[in-house]
Amino acid sequence: KNQVEQSPQSLIILEGKNCTLQCNYTVSPFSNLRWYKQDTGRGPVSLTIMTFSENTKSNGRYTATLDADTKQSSLHITASQLSDSASYICVVSSNLNYGGATNKLIFGTGTLLAVQP
Amino acid sequence: DARVTQTPRHKVTEMGQEVTMRCQPILGHNTVFWYRQTMMQGLELLAYFRNRAPLDDSGMPKDRFSAEMPDATLATLKIQPSEPRDSAVYFCASQRGADNEQFFGPGTRLTVL
């Protein structure tokens with residue numbers, strides 16, 4: 001069964017600290033893995049997209065890693081800020097020839113991050 | 001600043017009423033998605049369109065939900081009749097092509113009493 005699991009479910013850290021969020025998936029065939037940030041009351045915003053051959057990708061203070069062999073990804077946030085408080089969603093795209101036209105996205109349930117002053 | 005827009009942002013209605021949500025995808029994006037998000041289920045894909053043609057609506061309750069794209073700049077999601085269990089945030093997203101970055105709208109928060 002195609003699944004994306006994220007941990008922890010929620011996390012509280014102090015401003016300025018680093019943190020790492022985890023994503024494990026059992027999706028096959030694999031096309032790419034995406035991390036989204038969703039602020040409260042807003043739609044998800046893409047942080048990174050990684051293909052099979054990419055091990056790491058950065059977007060400012062966000063660094064995502066991908067191990068396609070173990071089917072694991074992580075999102076590392078450096079020097080956290082209050083504005084990093086959000087839900088972080090891991091999404092895996094599967095090139096199933098889904099519907100014959102586009103890829104199927106399998107969503108994790110997210111990690112809720114709270115950054116406190 | 002290109003973005004996906006959705007209307008209304010909030011909707012409160014009574015059980016049995018018809019609800020219509022609208023989405024304007026980013027100009028040039030030919031694939032449009034409708035999602036529903038609840039605390040319990042997270043993000044669920046309801047339906048998507050490519051070049052205005054519906055390609056998959058298996059995530060939608062067919063008896064009450066319908067999705068259309070009257071033209072390339074407008075996608076609609078209709079619920080008739082609405083039920084309390086339909087209360088959720090409904091997101092529209094658009095992308096160019098088959099497997100590129102998706103851009104989400106701000107969502108419509110629906111409450112069915």
# chains A, B, ... in the order shown; residues from 1 in each chain; ligands from 1
call {"tool": "interface_residues", "arguments": {"of": "chain B", "to": "chain A", "cutoff": "10 Å", "atoms": "only C-alpha atoms", "output": "PDB file with N, CA and C atoms, in the first residue's frame"}}
result
ATOM      1  N   VAL B   4      -3.019  31.337  -7.256  1.00  0.00           N
ATOM      2  CA  VAL B   4      -4.333  30.722  -7.387  1.00  0.00           C
ATOM      3  C   VAL B   4      -5.299  31.466  -6.460  1.00  0.00           C
ATOM      4  N   THR B  31      -3.290  22.123 -15.470  1.00  0.00           N
ATOM      5  CA  THR B  31      -3.777  21.046 -14.600  1.00  0.00           C
ATOM      6  C   THR B  31      -4.289  21.662 -13.304  1.00  0.00           C
ATOM      7  N   MET B  39      -8.976  17.873   9.887  1.00  0.00           N
ATOM      8  CA  MET B  39      -8.005  17.513  10.926  1.00  0.00           C
ATOM      9  C   MET B  39      -7.778  16.014  10.951  1.00  0.00           C
ATOM     10  N   MET B  40      -8.852  15.263  10.735  1.00  0.00           N
ATOM     11  CA  MET B  40      -8.752  13.810  10.856  1.00  0.00           C
ATOM     12  C   MET B  40      -8.079  13.162   9.644  1.00  0.00           C
ATOM     13  N   GLN B  41      -8.376  13.661   8.450  1.00  0.00           N
ATOM     14  CA  GLN B  41      -7.937  12.985   7.228  1.00  0.00           C
ATOM     15  C   GLN B  41      -6.752  13.654   6.543  1.00  0.00           C
ATOM     16  N   GLY B  42      -6.427  14.871   6.928  1.00  0.00           N
ATOM     17  CA  GLY B  42      -5.372  15.568   6.197  1.00  0.00           C
ATOM     18  C   GLY B  42      -5.873  15.980   4.824  1.00  0.00           C
ATOM     19  N   LEU B  43      -4.961  16.088   3.865  1.00  0.00           N
ATOM     20  CA  LEU B  43      -5.310  16.499   2.504  1.00  0.00           C
ATOM     21  C   LEU B  43      -5.764  15.297   1.682  1.00  0.00           C
ATOM     22  N   GLU B  44      -6.933  15.408   1.076  1.00  0.00           N
ATOM     23  CA  GLU B  44      -7.465  14.344   0.215  1.00  0.00           C
ATOM     24  C   GLU B  44      -7.749  14.920  -1.167  1.00  0.00           C
ATOM     25  N   LEU B  45      -7.322  14.200  -2.186  1.00  0.00           N
ATOM     26  CA  LEU B  45      -7.604  14.629  -3.547  1.00  0.00           C
ATOM     27  C   LEU B  45      -9.043  14.265  -3.905  1.00  0.00           C
ATOM     28  N   TYR B  48      -9.319  16.104 -10.402  1.00  0.00           N
ATOM     29  CA  TYR B  48      -8.406  16.986 -11.113  1.00  0.00           C
ATOM     30  C   TYR B  48      -8.715  17.026 -12.603  1.00  0.00           C
ATOM     31  N   PHE B  49      -8.289  18.088 -13.233  1.00  0.00           N
ATOM     32  CA  PHE B  49      -8.540  18.354 -14.635  1.00  0.00           C
ATOM     33  C   PHE B  49      -7.217  18.600 -15.357  1.00  0.00           C
ATOM     34  N   ARG B  50      -7.153  18.173 -16.596  1.00  0.00           N
ATOM     35  CA  ARG B  50      -6.042  18.513 -17.472  1.00  0.00           C
ATOM     36  C   ARG B  50      -6.631  19.105 -18.734  1.00  0.00           C
ATOM     37  N   PRO B  54     -11.964  16.525 -17.222  1.00  0.00           N
ATOM     38  CA  PRO B  54     -11.850  15.795 -15.949  1.00  0.00           C
ATOM     39  C   PRO B  54     -11.128  14.474 -16.165  1.00  0.00           C
ATOM     40  N   LEU B  55     -10.067  14.234 -15.392  1.00  0.00           N
ATOM     41  CA  LEU B  55      -9.278  13.012 -15.560  1.00  0.00           C
ATOM     42  C   LEU B  55      -9.512  12.016 -14.426  1.00  0.00           C
ATOM     43  N   ASP B  56      -9.845  12.514 -13.282  1.00  0.00           N
ATOM     44  CA  ASP B  56     -10.104  11.610 -12.168  1.00  0.00           C
ATOM     45  C   ASP B  56     -10.947  12.321 -11.126  1.00  0.00           C
ATOM     46  N   VAL B  89     -11.887  22.395   4.865  1.00  0.00           N
ATOM     47  CA  VAL B  89     -11.291  23.428   4.020  1.00  0.00           C
ATOM     48  C   VAL B  89     -11.046  22.810   2.653  1.00  0.00           C
ATOM     49  N   TYR B  90     -11.515  23.468   1.619  1.00  0.00           N
ATOM     50  CA  TYR B  90     -11.380  22.964   0.257  1.00  0.00           C
ATOM     51  C   TYR B  90     -10.330  23.812  -0.461  1.00  0.00           C
ATOM     52  N   PHE B  91      -9.304  23.130  -0.948  1.00  0.00           N
ATOM     53  CA  PHE B  91      -8.213  23.807  -1.650  1.00  0.00           C
ATOM     54  C   PHE B  91      -8.262  23.494  -3.133  1.00  0.00           C
ATOM     55  N   CYS B  92      -7.947  24.497  -3.907  1.00  0.00           N
ATOM     56  CA  CYS B  92      -7.704  24.332  -5.328  1.00  0.00           C
ATOM     57  C   CYS B  92      -6.204  24.516  -5.543  1.00  0.00           C
ATOM     58  N   ALA B  93      -5.641  23.756  -6.455  1.00  0.00           N
ATOM     59  CA  ALA B  93      -4.219  23.891  -6.786  1.00  0.00           C
ATOM     60  C   ALA B  93      -4.061  23.780  -8.291  1.00  0.00           C
ATOM     61  N   GLY B  97       1.661  21.189 -16.644  1.00  0.00           N
ATOM     62  CA  GLY B  97       2.105  19.866 -17.043  1.00  0.00           C
ATOM     63  C   GLY B  97       1.722  18.789 -16.058  1.00  0.00           C
ATOM     64  N   ALA B  98       2.507  17.677 -16.104  1.00  0.00           N
ATOM     65  CA  ALA B  98       2.094  16.456 -15.415  1.00  0.00           C
ATOM     66  C   ALA B  98       2.679  16.289 -14.024  1.00  0.00           C
ATOM     67  N   ASP B  99       3.882  16.771 -13.760  1.00  0.00           N
ATOM     68  CA  ASP B  99       4.524  16.432 -12.487  1.00  0.00           C
ATOM     69  C   ASP B  99       5.393  17.565 -11.978  1.00  0.00           C
ATOM     70  N   ASN B 100       4.911  18.756 -12.106  1.00  0.00           N
ATOM     71  CA  ASN B 100       5.661  19.924 -11.660  1.00  0.00           C
ATOM     72  C   ASN B 100       5.118  20.460 -10.345  1.00  0.00           C
ATOM     73  N   GLU B 101       5.698  21.522  -9.878  1.00  0.00           N
ATOM     74  CA  GLU B 101       5.293  22.104  -8.606  1.00  0.00           C
ATOM     75  C   GLU B 101       3.830  22.527  -8.661  1.00  0.00           C
ATOM     76  N   GLN B 102       3.104  22.181  -7.595  1.00  0.00           N
ATOM     77  CA  GLN B 102       1.711  22.600  -7.477  1.00  0.00           C
ATOM     78  C   GLN B 102       1.636  23.857  -6.633  1.00  0.00           C
ATOM     79  N   PHE B 103       0.787  24.759  -7.073  1.00  0.00           N
ATOM     80  CA  PHE B 103       0.552  25.996  -6.338  1.00  0.00           C
ATOM     81  C   PHE B 103      -0.874  25.952  -5.790  1.00  0.00           C
ATOM     82  N   PHE B 104      -0.978  26.135  -4.490  1.00  0.00           N
ATOM     83  CA  PHE B 104      -2.270  26.042  -3.831  1.00  0.00           C
ATOM     84  C   PHE B 104      -2.902  27.420  -3.645  1.00  0.00           C
ATOM     85  N   GLY B 105      -4.228  27.432  -3.710  1.00  0.00           N
ATOM     86  CA  GLY B 105      -4.963  28.625  -3.355  1.00  0.00           C
ATOM     87  C   GLY B 105      -5.106  28.743  -1.847  1.00  0.00           C
ATOM     88  N   PRO B 106      -5.744  29.800  -1.367  1.00  0.00           N
ATOM     89  CA  PRO B 106      -5.872  30.026   0.078  1.00  0.00           C
ATOM     90  C   PRO B 106      -6.942  29.163   0.733  1.00  0.00           C
ATOM     91  N   GLY B 107      -7.772  28.504  -0.070  1.00  0.00           N
ATOM     92  CA  GLY B 107      -8.787  27.614   0.475  1.00  0.00           C
ATOM     93  C   GLY B 107     -10.115  28.285   0.738  1.00  0.00           C
ATOM     94  N   THR B 108     -11.160  27.459   0.758  1.00  0.00           N
ATOM     95  CA  THR B 108     -12.505  27.875   1.179  1.00  0.00           C
ATOM     96  C   THR B 108     -12.852  27.060   2.411  1.00  0.00           C
ATOM     97  N   ARG B 109     -13.088  27.756   3.516  1.00  0.00           N
ATOM     98  CA  ARG B 109     -13.480  27.061   4.749  1.00  0.00           C
ATOM     99  C   ARG B 109     -14.990  26.928   4.767  1.00  0.00           C
TER     100      ARG B 109
END
call {"tool": "residues_around", "arguments": {"residues": "Leu21 in chain A", "least_positions_apart": "2", "cutoff": "9 Å", "atoms": "only C-alpha atoms", "output": "list in words"}}
result
Gln6, Ser7, Pro8, Leu11, Cys19, Cys23, Ser73, Ser74, Leu75, His76, Ile77, Tyr88 and Thr111 of chain A
call {"tool": "closest_residue", "arguments": {"among": "B:Arg3, B:Lys11, B:Lys62, B:Arg85", "to": "Cys23 in chain B", "atoms": "only C-alpha atoms"}}
result
B:Arg3
call {"tool": "atom_distance", "arguments": {"atom1": "CA of Phe65 in chain B", "atom2": "CA of Phe33 in chain B"}}
result
14.3 Å
call {"tool": "select_by_dssp", "arguments": {"residues": "range 75-117 of chain A", "states": "strand (DSSP E)", "output": "list in words"}}
result
Leu75, His76, Ile77, Ala86, Ser87, Tyr88, Ile89, Cys90, Val91, Val92, Ser93, Ser94, Lys104, Leu105, Ile106, Phe107, Thr111, Leu112, Leu113, Ala114, Val115 and Gln116 of chain A
call {"tool": "closest_residue", "arguments": {"among": "B:His29, B:Leu74, B:Ser82, B:Ala47", "to": "Met15 in chain B", "atoms": "only C-alpha atoms"}}
result
B:Ser82
call {"tool": "residues_around", "arguments": {"residues": "Ala86 in chain A", "least_positions_apart": "2", "cutoff": "7 Å", "atoms": "only C-alpha atoms", "output": "PyMOL selection string"}}
result
chain A and resi 37-40+84+88+112-114
call {"tool": "select_by_dssp", "arguments": {"residues": "chain A", "states": "helix (DSSP H, G or I)", "output": "list in words"}}
result
Leu82, Ser83, Asp84, Tyr98, Gly99 and Gly100 of chain A
call {"tool": "write_last_selection", "arguments": {"atoms": "N, CA, C and O atoms", "output": "tab-separated table (two decimals), in the first residue's frame"}}
result
chain	number	residue	atom	x	y	z
A	82	LEU	N	10.24	32.40	14.59
A	82	LEU	CA	8.83	32.28	14.96
A	82	LEU	C	7.96	32.01	13.74
A	82	LEU	O	6.97	31.28	13.83
A	83	SER	N	8.35	32.55	12.61
A	83	SER	CA	7.58	32.37	11.38
A	83	SER	C	7.66	30.95	10.81
A	83	SER	O	6.94	30.62	9.87
A	84	ASP	N	8.53	30.15	11.38
A	84	ASP	CA	8.61	28.74	10.95
A	84	ASP	C	7.48	27.91	11.56
A	84	ASP	O	7.28	26.76	11.15
A	98	TYR	N	-0.94	7.37	-13.71
A	98	TYR	CA	-2.19	7.59	-13.00
A	98	TYR	C	-3.15	8.37	-13.88
A	98	TYR	O	-2.89	9.50	-14.23
A	99	GLY	N	-4.22	7.78	-14.20
A	99	GLY	CA	-5.20	8.45	-15.04
A	99	GLY	C	-4.69	8.65	-16.45
A	99	GLY	O	-5.31	9.34	-17.24
A	100	GLY	N	-3.51	8.13	-16.72
A	100	GLY	CA	-2.95	8.26	-18.07
A	100	GLY	C	-2.42	9.64	-18.36
A	100	GLY	O	-2.00	9.91	-19.47
call {"tool": "atom_distance", "arguments": {"atom1": "CA of Pro29 in chain A", "atom2": "CA of Ser58 in chain A"}}
result
24.5 Å
call {"tool": "closest_residue", "arguments": {"among": "A:Gln81, A:Thr20, A:Thr26, A:Gln9", "to": "Ala64 in chain A", "atoms": "only C-alpha atoms"}}
result
A:Thr20
